[in-house]
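Peer 1: What follows is start_16.pdb, PDB, C-alpha atoms.
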```
MODEL        1
ATOM      1  CA  MET A  35     118.648  -2.674-196.369
ATOM      2  CA  LYS A  36     119.571   0.916-197.182
ATOM      3  CA  TYR A  37     123.110   2.087-197.956
ATOM      4  CA  SER A  38     124.625   5.520-198.378
ATOM      5  CA  TYR A  39     125.823   5.634-201.979
ATOM      6  CA  TYR A  40     128.879   7.431-203.324
ATOM      7  CA  PRO A  41     128.591   7.295-207.142
ATOM      8  CA  GLY A  42     131.744   9.207-208.070
ATOM      9  CA  CYS A  43     132.419  11.355-211.101
ATOM     10  CA  THR A  44     132.606   8.784-213.893
ATOM     11  CA  LEU A  45     129.304   7.095-213.110
ATOM     12  CA  LYS A  46     127.562  10.478-213.037
ATOM     13  CA  ASN A  47     129.007  11.650-216.348
ATOM     14  CA  LYS A  48     130.521   9.399-219.025
ATOM     15  CA  ALA A  49     129.166   6.150-217.543
ATOM     16  CA  LYS A  50     125.652   7.005-216.379
ATOM     17  CA  ASP A  51     124.340   3.716-217.731
ATOM     18  CA  LEU A  52     126.617   1.751-215.385
ATOM     19  CA  ASP A  53     125.181   3.680-212.443
ATOM     20  CA  ALA A  54     121.644   3.060-213.679
ATOM     21  CA  TYR A  55     122.316  -0.679-214.026
ATOM     22  CA  ALA A  56     123.573  -0.769-210.433
ATOM     23  CA  ARG A  57     120.518   1.036-209.079
ATOM     24  CA  ALA A  58     118.032  -1.080-211.044
ATOM     25  CA  SER A  59     119.768  -4.296-209.980
ATOM     26  CA  ALA A  60     119.816  -3.207-206.337
ATOM     27  CA  LYS A  61     116.078  -2.635-206.467
ATOM     28  CA  ALA A  62     115.538  -6.082-207.995
ATOM     29  CA  LEU A  63     117.676  -7.639-205.252
ATOM     30  CA  GLY A  64     115.948  -5.823-202.411
ATOM     31  CA  PHE A  65     118.407  -3.177-201.232
ATOM     32  CA  GLU A  66     118.400   0.591-201.615
ATOM     33  CA  MET A  67     121.182   2.998-202.572
ATOM     34  CA  GLU A  68     120.665   6.477-201.133
ATOM     35  CA  GLU A  69     122.966   8.916-202.918
ATOM     36  CA  ILE A  70     124.910  11.223-200.614
ATOM     37  CA  GLU A  71     123.871  14.848-200.956
ATOM     38  CA  ASP A  72     126.464  17.272-202.319
ATOM     39  CA  TRP A  73     129.214  14.695-202.602
ATOM     40  CA  GLN A  74     132.510  15.841-204.069
ATOM     41  CA  CYS A  75     135.136  14.083-206.187
ATOM     42  CA  CYS A  76     137.318  11.749-204.125
ATOM     43  CA  GLY A  77     140.292  12.592-206.346
ATOM     44  CA  GLY A  78     140.385   9.173-207.980
ATOM     45  CA  VAL A  79     143.891   8.508-206.600
ATOM     46  CA  TYR A  80     144.855   7.915-202.982
ATOM     47  CA  PRO A  81     147.537  10.494-202.062
ATOM     48  CA  LEU A  82     150.737   8.816-200.933
ATOM     49  CA  GLY A  83     152.151  11.813-199.066
ATOM     50  CA  SER A  84     151.976  10.907-195.381
ATOM     51  CA  ASP A  85     151.253  14.533-194.438
ATOM     52  CA  GLU A  86     148.642  15.125-197.163
ATOM     53  CA  ILE A  87     145.121  15.913-195.964
ATOM     54  CA  ALA A  88     143.644  18.430-198.431
ATOM     55  CA  THR A  89     142.807  15.822-201.071
ATOM     56  CA  LYS A  90     141.356  13.493-198.419
ATOM     57  CA  LEU A  91     138.774  15.921-197.070
ATOM     58  CA  SER A  92     136.054  15.207-199.639
ATOM     59  CA  SER A  93     136.267  11.514-198.721
ATOM     60  CA  VAL A  94     136.006  12.330-195.021
ATOM     61  CA  ARG A  95     132.870  14.402-195.702
ATOM     62  CA  ALA A  96     131.256  11.460-197.509
ATOM     63  CA  LEU A  97     132.290   9.019-194.812
ATOM     64  CA  ASN A  98     130.933  11.279-192.090
ATOM     65  CA  ASP A  99     127.667  11.757-193.963
ATOM     66  CA  ALA A 100     127.136   7.987-193.967
ATOM     67  CA  LYS A 101     128.070   7.829-190.284
ATOM     68  CA  GLU A 102     125.470  10.458-189.400
ATOM     69  CA  LYS A 103     122.814   8.456-191.253
ATOM     70  CA  GLY A 104     123.889   5.271-189.476
ATOM     71  CA  GLN A 105     124.537   3.544-192.811
ATOM     72  CA  ASP A 106     127.339   1.651-194.512
ATOM     73  CA  LEU A 107     128.849   3.480-197.484
ATOM     74  CA  ILE A 108     128.636   1.662-200.820
ATOM     75  CA  THR A 109     130.497   2.412-204.056
ATOM     76  CA  VAL A 110     130.350   0.879-207.529
ATOM     77  CA  CYS A 111     133.651   2.319-208.803
ATOM     78  CA  SER A 112     136.804   0.544-207.660
ATOM     79  CA  ALA A 113     138.854   3.762-207.725
ATOM     80  CA  CYS A 114     136.376   5.546-205.434
ATOM     81  CA  HIS A 115     136.197   2.489-203.216
ATOM     82  CA  HIS A 116     139.981   2.391-202.962
ATOM     83  CA  VAL A 117     140.311   6.055-201.984
ATOM     84  CA  LEU A 118     137.401   6.032-199.524
ATOM     85  CA  LYS A 119     138.551   2.868-197.813
ATOM     86  CA  ARG A 120     142.151   3.996-197.424
ATOM     87  CA  VAL A 121     141.168   7.445-196.178
ATOM     88  CA  ASN A 122     138.810   5.765-193.729
ATOM     89  CA  ASP A 123     141.711   3.642-192.500
ATOM     90  CA  ASP A 124     143.775   6.817-192.028
ATOM     91  CA  MET A 125     141.009   8.446-190.007
ATOM     92  CA  LYS A 126     140.766   5.355-187.838
ATOM     93  CA  ASN A 127     144.463   4.678-187.277
ATOM     94  CA  VAL A 128     146.599   7.770-188.015
ATOM     95  CA  ASP A 129     146.345  10.313-185.212
ATOM     96  CA  ASP A 130     147.942  13.208-187.085
ATOM     97  CA  ILE A 131     145.711  12.905-190.166
ATOM     98  CA  ARG A 132     142.586  12.413-188.056
ATOM     99  CA  THR A 133     143.329  15.453-185.894
ATOM    100  CA  ARG A 134     144.173  17.795-188.751
ATOM    101  CA  ALA A 135     141.242  16.681-190.920
ATOM    102  CA  ASN A 136     138.776  17.159-188.084
ATOM    103  CA  ASN A 137     140.280  20.535-187.168
ATOM    104  CA  TYR A 138     139.808  21.678-190.751
ATOM    105  CA  LEU A 139     136.283  20.330-191.257
ATOM    106  CA  LYS A 140     134.995  21.450-187.849
ATOM    107  CA  LEU A 141     132.400  18.690-187.702
ATOM    108  CA  ASP A 142     129.871  18.659-184.859
ATOM    109  CA  THR A 143     131.387  15.352-183.748
ATOM    110  CA  PRO A 144     134.922  14.407-184.887
ATOM    111  CA  TYR A 145     135.026  11.631-187.466
ATOM    112  CA  GLU A 146     137.181   8.691-186.371
ATOM    113  CA  GLY A 147     136.732   6.078-189.081
ATOM    114  CA  GLU A 148     133.423   4.635-187.890
ATOM    115  CA  THR A 149     131.859   4.060-191.333
ATOM    116  CA  ASN A 150     131.985   0.657-192.993
ATOM    117  CA  VAL A 151     133.015   1.078-196.656
ATOM    118  CA  LEU A 152     131.784  -1.554-199.093
ATOM    119  CA  HIS A 153     132.132  -2.173-202.784
ATOM    120  CA  TYR A 154     128.880  -3.161-204.518
ATOM    121  CA  LEU A 155     130.350  -6.614-205.138
ATOM    122  CA  GLU A 156     130.835  -7.092-201.393
ATOM    123  CA  VAL A 157     127.158  -6.338-200.832
ATOM    124  CA  LEU A 158     126.264  -8.952-203.444
ATOM    125  CA  ARG A 159     128.528 -11.531-201.807
ATOM    126  CA  ASP A 160     128.100 -10.818-198.099
ATOM    127  CA  GLU A 161     124.648  -9.257-197.740
ATOM    128  CA  VAL A 162     122.500 -10.542-200.628
ATOM    129  CA  GLY A 163     124.416 -13.775-201.242
ATOM    130  CA  PHE A 164     125.298 -15.299-204.594
ATOM    131  CA  ASP A 165     122.891 -18.193-204.036
ATOM    132  CA  GLU A 166     120.050 -15.698-203.646
ATOM    133  CA  ILE A 167     121.132 -13.837-206.772
ATOM    134  CA  LYS A 168     121.114 -17.122-208.668
ATOM    135  CA  LYS A 169     117.466 -17.604-207.676
ATOM    136  CA  LYS A 170     116.536 -14.181-209.058
ATOM    137  CA  VAL A 171     118.271 -14.553-212.424
ATOM    138  CA  VAL A 172     115.690 -14.593-215.213
ATOM    139  CA  ASN A 173     118.080 -14.391-218.174
ATOM    140  CA  PRO A 174     120.975 -16.708-217.272
ATOM    141  CA  LEU A 175     124.152 -16.019-219.226
ATOM    142  CA  THR A 176     124.417 -19.653-220.209
ATOM    143  CA  GLY A 177     127.244 -20.521-222.574
ATOM    144  CA  LYS A 178     129.246 -17.352-221.986
ATOM    145  CA  LYS A 179     132.856 -17.811-220.891
ATOM    146  CA  ILE A 180     133.800 -14.703-218.954
ATOM    147  CA  GLY A 181     137.179 -13.605-217.675
ATOM    148  CA  ALA A 182     137.074 -11.403-214.565
ATOM    149  CA  TYR A 183     139.550  -8.544-214.635
ATOM    150  CA  TYR A 184     140.259  -7.324-211.096
ATOM    151  CA  GLY A 185     143.065  -4.866-211.699
ATOM    152  CA  CYS A 186     144.955  -3.214-208.841
ATOM    153  CA  LEU A 187     142.606  -1.109-206.794
ATOM    154  CA  LEU A 188     140.123  -3.640-205.451
ATOM    155  CA  LEU A 189     142.752  -5.930-204.007
ATOM    156  CA  ARG A 190     145.741  -3.903-202.827
ATOM    157  CA  PRO A 191     146.981  -3.167-200.223
ATOM    158  CA  GLY A 192     145.436  -6.417-199.049
ATOM    159  CA  LYS A 193     145.281  -5.745-195.306
ATOM    160  CA  ILE A 194     143.568  -2.380-195.692
ATOM    161  CA  MET A 195     141.217  -3.215-198.555
ATOM    162  CA  ALA A 196     140.321  -6.634-197.048
ATOM    163  CA  PHE A 197     138.259  -7.296-200.175
ATOM    164  CA  ASP A 198     139.536 -10.699-201.266
ATOM    165  CA  ASN A 199     142.757 -12.684-201.513
ATOM    166  CA  PRO A 200     144.981 -10.292-203.530
ATOM    167  CA  GLU A 201     146.847 -13.145-205.199
ATOM    168  CA  ASN A 202     143.951 -15.515-205.801
ATOM    169  CA  PRO A 203     140.628 -13.644-205.642
ATOM    170  CA  THR A 204     137.348 -15.469-206.217
ATOM    171  CA  ILE A 205     134.544 -12.948-205.730
ATOM    172  CA  MET A 206     134.075 -12.063-209.395
ATOM    173  CA  GLU A 207     134.262 -15.688-210.491
ATOM    174  CA  ASP A 208     131.531 -16.528-207.966
ATOM    175  CA  PHE A 209     129.536 -13.572-209.307
ATOM    176  CA  ILE A 210     129.888 -14.902-212.859
ATOM    177  CA  ARG A 211     128.681 -18.343-211.787
ATOM    178  CA  ALA A 212     125.664 -16.807-210.076
ATOM    179  CA  LEU A 213     124.649 -15.269-213.410
ATOM    180  CA  GLY A 214     124.793 -18.652-215.103
ATOM    181  CA  ALA A 215     128.023 -18.112-217.034
ATOM    182  CA  GLU A 216     131.364 -19.909-216.838
ATOM    183  CA  PRO A 217     134.265 -18.008-215.228
ATOM    184  CA  VAL A 218     137.658 -18.179-216.880
ATOM    185  CA  VAL A 219     140.661 -17.946-214.551
ATOM    186  CA  TYR A 220     143.731 -16.571-216.339
ATOM    187  CA  PRO A 221     147.165 -15.356-215.139
ATOM    188  CA  TYR A 222     146.825 -11.599-215.728
ATOM    189  CA  ARG A 223     143.459 -11.012-214.063
ATOM    190  CA  ASN A 224     144.918  -9.080-211.114
ATOM    191  CA  GLU A 225     147.761  -7.305-212.933
ATOM    192  CA  CYS A 226     147.744  -3.564-213.618
ATOM    193  CA  CYS A 227     146.293  -2.455-216.961
ATOM    194  CA  GLY A 228     148.204   0.842-216.926
ATOM    195  CA  GLY A 229     145.074   2.950-216.629
ATOM    196  CA  TYR A 230     146.782   5.813-214.824
ATOM    197  CA  ILE A 231     149.477   6.112-217.506
ATOM    198  CA  SER A 232     147.204   5.589-220.515
ATOM    199  CA  LEU A 233     147.536   9.200-221.707
ATOM    200  CA  LYS A 234     151.181   9.908-220.949
ATOM    201  CA  GLU A 235     152.622   6.472-221.752
ATOM    202  CA  LYS A 236     150.153   5.137-224.292
ATOM    203  CA  GLU A 237     152.488   2.539-225.791
ATOM    204  CA  MET A 238     153.263   1.060-222.370
ATOM    205  CA  ALA A 239     149.579   1.004-221.405
ATOM    206  CA  GLN A 240     148.751  -0.633-224.727
ATOM    207  CA  ASN A 241     151.319  -3.344-224.106
ATOM    208  CA  MET A 242     149.903  -4.014-220.626
ATOM    209  CA  CYS A 243     146.328  -4.211-221.936
ATOM    210  CA  GLU A 244     147.271  -6.531-224.767
ATOM    211  CA  LYS A 245     148.960  -8.934-222.331
ATOM    212  CA  ILE A 246     145.767  -9.060-220.270
ATOM    213  CA  MET A 247     143.556  -9.692-223.293
ATOM    214  CA  ASP A 248     145.930 -12.229-224.820
ATOM    215  CA  SER A 249     146.076 -14.076-221.496
ATOM    216  CA  ALA A 250     142.286 -14.201-221.145
ATOM    217  CA  LYS A 251     141.781 -15.210-224.764
ATOM    218  CA  GLY A 252     144.444 -17.897-224.429
ATOM    219  CA  PHE A 253     142.354 -19.456-221.672
ATOM    220  CA  GLU A 254     139.304 -19.337-223.965
ATOM    221  CA  ALA A 255     137.435 -16.386-222.495
ATOM    222  CA  ASP A 256     135.041 -14.765-224.948
ATOM    223  CA  MET A 257     134.647 -11.529-222.948
ATOM    224  CA  LEU A 258     136.009  -9.641-219.955
ATOM    225  CA  ILE A 259     134.211  -7.929-217.093
ATOM    226  CA  THR A 260     135.631  -5.383-214.693
ATOM    227  CA  ALA A 261     134.512  -3.326-211.710
ATOM    228  CA  CYS A 262     136.622  -0.247-212.476
ATOM    229  CA  PRO A 263     135.502   2.376-215.041
ATOM    230  CA  LEU A 264     139.115   3.385-215.702
ATOM    231  CA  CYS A 265     140.127  -0.221-216.349
ATOM    232  CA  MET A 266     137.164  -0.659-218.694
ATOM    233  CA  TYR A 267     138.057   2.495-220.621
ATOM    234  CA  ASN A 268     141.722   1.538-220.858
ATOM    235  CA  LEU A 269     141.081  -2.054-221.927
ATOM    236  CA  LYS A 270     138.703  -0.855-224.615
ATOM    237  CA  LYS A 271     140.916   2.008-225.769
ATOM    238  CA  ASN A 272     144.334   0.397-225.590
ATOM    239  CA  GLY A 273     143.551  -3.308-225.804
ATOM    240  CA  ASN A 274     143.842  -5.227-229.060
ATOM    241  CA  GLY A 275     140.059  -5.447-229.441
ATOM    242  CA  ASP A 276     140.045  -9.234-229.439
ATOM    243  CA  LEU A 277     137.590  -9.408-226.531
ATOM    244  CA  PRO A 278     134.603  -7.214-225.648
ATOM    245  CA  VAL A 279     134.804  -5.600-222.202
ATOM    246  CA  PHE A 280     131.744  -5.091-219.978
ATOM    247  CA  TYR A 281     131.111  -3.537-216.600
ATOM    248  CA  PHE A 282     129.836  -6.021-214.066
ATOM    249  CA  THR A 283     126.651  -4.029-213.365
ATOM    250  CA  GLU A 284     125.586  -4.295-217.009
ATOM    251  CA  LEU A 285     125.749  -8.092-216.987
ATOM    252  CA  LEU A 286     124.008  -8.187-213.613
ATOM    253  CA  ALA A 287     121.150  -6.047-214.942
ATOM    254  CA  GLU A 288     120.917  -8.255-218.035
ATOM    255  CA  ALA A 289     120.737 -11.462-215.998
ATOM    256  CA  LEU A 290     118.146  -9.999-213.621
ATOM    257  CA  GLY A 291     115.994  -8.835-216.535
ATOM    258  CA  VAL A 292     116.179  -5.104-215.738
ATOM    259  CA  LYS A 293     118.600  -3.949-218.428
ATOM    260  CA  GLU A 294     115.843  -3.003-220.860
ATOM    261  CA  GLU A 295     114.199  -0.861-218.181
ATOM    262  CA  VAL A 296     117.412   1.166-217.922
ATOM    263  CA  ALA A 297     117.615   1.549-221.690
ATOM    264  CA  LYS A 298     114.178   3.174-221.697
TER     265      LYS A 298
ENDMDL
END
```
Let's see the structure in the file written out as C-alpha cells.
Peer 2:
Amino acid sequence: MKYSYYPGCTLKNKAKDLDAYARASAKALGFEMEEIEDWQCCGGVYPLGSDEIATKLSSVRALNDAKEKGQDLITVCSACHHVLKRVNDDMKNVDDIRTRANNYLKLDTPYEGETNVLHYLEVLRDEVGFDEIKKKVVNPLTGKKIGAYYGCLLLRPGKIMAFDNPENPTIMEDFIRALGAEPVVYPYRNECCGGYISLKEKEMAQNMCEKIMDSAKGFEADMLITACPLCMYNLKKNGNGDLPVFYFTELLAEALGVKEEVAK
C-alpha cells in the first residue's frame, strides 16, 4: 500500500528523527509513504474565521495532490492532521469556501474533498492491524508502563475528526499493547497541555503540563507517549520532568528493531 505523505514543518526540521522512525517503521510493516512534492506549511492551526480561505490553500494543494495520485493522504503530526482533515471537510461541505478556494487555485479539476485523510496511527489500526504489528515486534517493550497522551487535536471536534471516541479513546492504548508494554489509563490523557500558549502564558502552560504528568504518575505510568510534536515539546519543556516523554514513532521503531538503522 502506498500513501501520499505530508510530513509538515516540525518533522522536516527540529524533529527529523521522528519522521525517520515513521518511514523506517512503515517499510518494516509493508506500506510506503510517498512525500508530496513542494508541499507547504499547513499553518499548524485551523483558522476559525468562517470566511478565511488564504491560510487553507496550502492544505487544499496537498489534498488535491493526493487526489490526483489516487492515494490516501497520511500524516504523522497531529496538528497537520487536524488542519488537513478540517480543511478537507470544508472543501466537501462548505460551498462558499470550496468555490472561492477553487477559483483562486485554478486547478484543472476543482477539488471537492475527495481525499481520505489519515493519521499514521489510523493506518496502523485500520490497515496494518495491531495484531499484525504484534507479530512483527522483535524487541517487545515488556515491563514498561506507558501513559498515552492524546491532547486536543486528534480527537476534537469528534464528528469531523472521526478518529476515536473523544471522551474515551483507545487507539493509543491498543498501540501500546501491540508493542508489548502495559498501557496506563489516567484522567488527563485527553486534556489540553497548553501547547499553543506555552510562549505567551508559560506559567499557565506549566500548570497544565504538571497536572497531566502528575495524573499519569499517580496511576503508575513510568513514561508518556504522544502523537503531536507540539505536545511533546511542551510536556518536556514545561512539565515537571517526573516522566520521560516519547513520540510514538520512536517506540514503534524500537519495538520493530529498526531504531538503530535510523540512528546510523
Peer 1: Tell me which protein, DNA and RNA residues are within 9 Å of Tyr230 in chain A, counting only C-alpha atoms, leaving out same-chain ones fewer than 2 positions away, and put them as a PyMOL selection string.
Peer 2: chain A and resi 227-228+232-234+239+264+268
Peer 1: Given the file above and the PyMOL selection byres ((chain A and resi 87) around 8), which residues are selected, and can you give them as a VMD selection string?
Peer 2: chain A and resid 85 to 86 88 to 91 131 134 to 135
Peer 1: The PyMOL selection byres ((chain A and resi 189-199) around 10) - which residues does that actually catch in the file I just gave you? List them as a PDB file with C-alpha atoms, keeping the file's coordinate frame.
Peer 2:
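Final file, selection04.pdb:
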```
ATOM      1  CA  SER A 112     136.804   0.544-207.660  1.00  0.00           C
ATOM      2  CA  HIS A 115     136.197   2.489-203.216  1.00  0.00           C
ATOM      3  CA  HIS A 116     139.981   2.391-202.962  1.00  0.00           C
ATOM      4  CA  VAL A 117     140.311   6.055-201.984  1.00  0.00           C
ATOM      5  CA  LYS A 119     138.551   2.868-197.813  1.00  0.00           C
ATOM      6  CA  ARG A 120     142.151   3.996-197.424  1.00  0.00           C
ATOM      7  CA  ASN A 122     138.810   5.765-193.729  1.00  0.00           C
ATOM      8  CA  ASP A 123     141.711   3.642-192.500  1.00  0.00           C
ATOM      9  CA  ASP A 124     143.775   6.817-192.028  1.00  0.00           C
ATOM     10  CA  VAL A 151     133.015   1.078-196.656  1.00  0.00           C
ATOM     11  CA  LEU A 152     131.784  -1.554-199.093  1.00  0.00           C
ATOM     12  CA  HIS A 153     132.132  -2.173-202.784  1.00  0.00           C
ATOM     13  CA  LEU A 155     130.350  -6.614-205.138  1.00  0.00           C
ATOM     14  CA  GLU A 156     130.835  -7.092-201.393  1.00  0.00           C
ATOM     15  CA  TYR A 184     140.259  -7.324-211.096  1.00  0.00           C
ATOM     16  CA  GLY A 185     143.065  -4.866-211.699  1.00  0.00           C
ATOM     17  CA  CYS A 186     144.955  -3.214-208.841  1.00  0.00           C
ATOM     18  CA  LEU A 187     142.606  -1.109-206.794  1.00  0.00           C
ATOM     19  CA  LEU A 188     140.123  -3.640-205.451  1.00  0.00           C
ATOM     20  CA  PRO A 200     144.981 -10.292-203.530  1.00  0.00           C
ATOM     21  CA  GLU A 201     146.847 -13.145-205.199  1.00  0.00           C
ATOM     22  CA  ASN A 202     143.951 -15.515-205.801  1.00  0.00           C
ATOM     23  CA  PRO A 203     140.628 -13.644-205.642  1.00  0.00           C
ATOM     24  CA  THR A 204     137.348 -15.469-206.217  1.00  0.00           C
ATOM     25  CA  ILE A 205     134.544 -12.948-205.730  1.00  0.00           C
ATOM     26  CA  MET A 206     134.075 -12.063-209.395  1.00  0.00           C
ATOM     27  CA  ASN A 224     144.918  -9.080-211.114  1.00  0.00           C
TER      28      ASN A 224
END
```
Peer 1: I need the residue nearest Ile246 in chain A from this list: A:Gly273, A:Gly104, A:Pro263, A:Gly177. Use only C-alpha atoms for the distance.
Peer 2: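 Of all the options, A:Gly273 lies closest to Ile246 in chain A.
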Peer 1: Under the rule that all atoms listed in the file are counted, which of A:Leu45, A:Leu269, A:Leu97, A:Leu63 is the nearest residue to Met125 in chain A?
Peer 2: A:Leu97
Peer 1: If you count only C-alpha atoms, which residues fall within 9 Å of Pro221 in chain A, apart from same-chain ones fewer than 4 positions away, as an NGL selection string?
Peer 2: :A and (225 or 246 or 249-250)
Peer 1: Enter the distance from CA of Val128 in chain A to CA of Trp73 in chain A, in Å, rounded to one decimal.
Peer 2: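 Separation of CA of Val128 in chain A and CA of Trp73 in chain A: 23.7 Å.
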Peer 1: Going by the chain IDs and residue numbers used in this file, which residues fall under the PyMOL selection byres ((chain A and resi 179) around 6)? Write them as a list in words.
Peer 2: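 Answer for the PyMOL selection byres ((chain A and resi 179) around 6): Lys178, Ile180, Glu216, Pro217, Ala255 and Asp256 of chain A.
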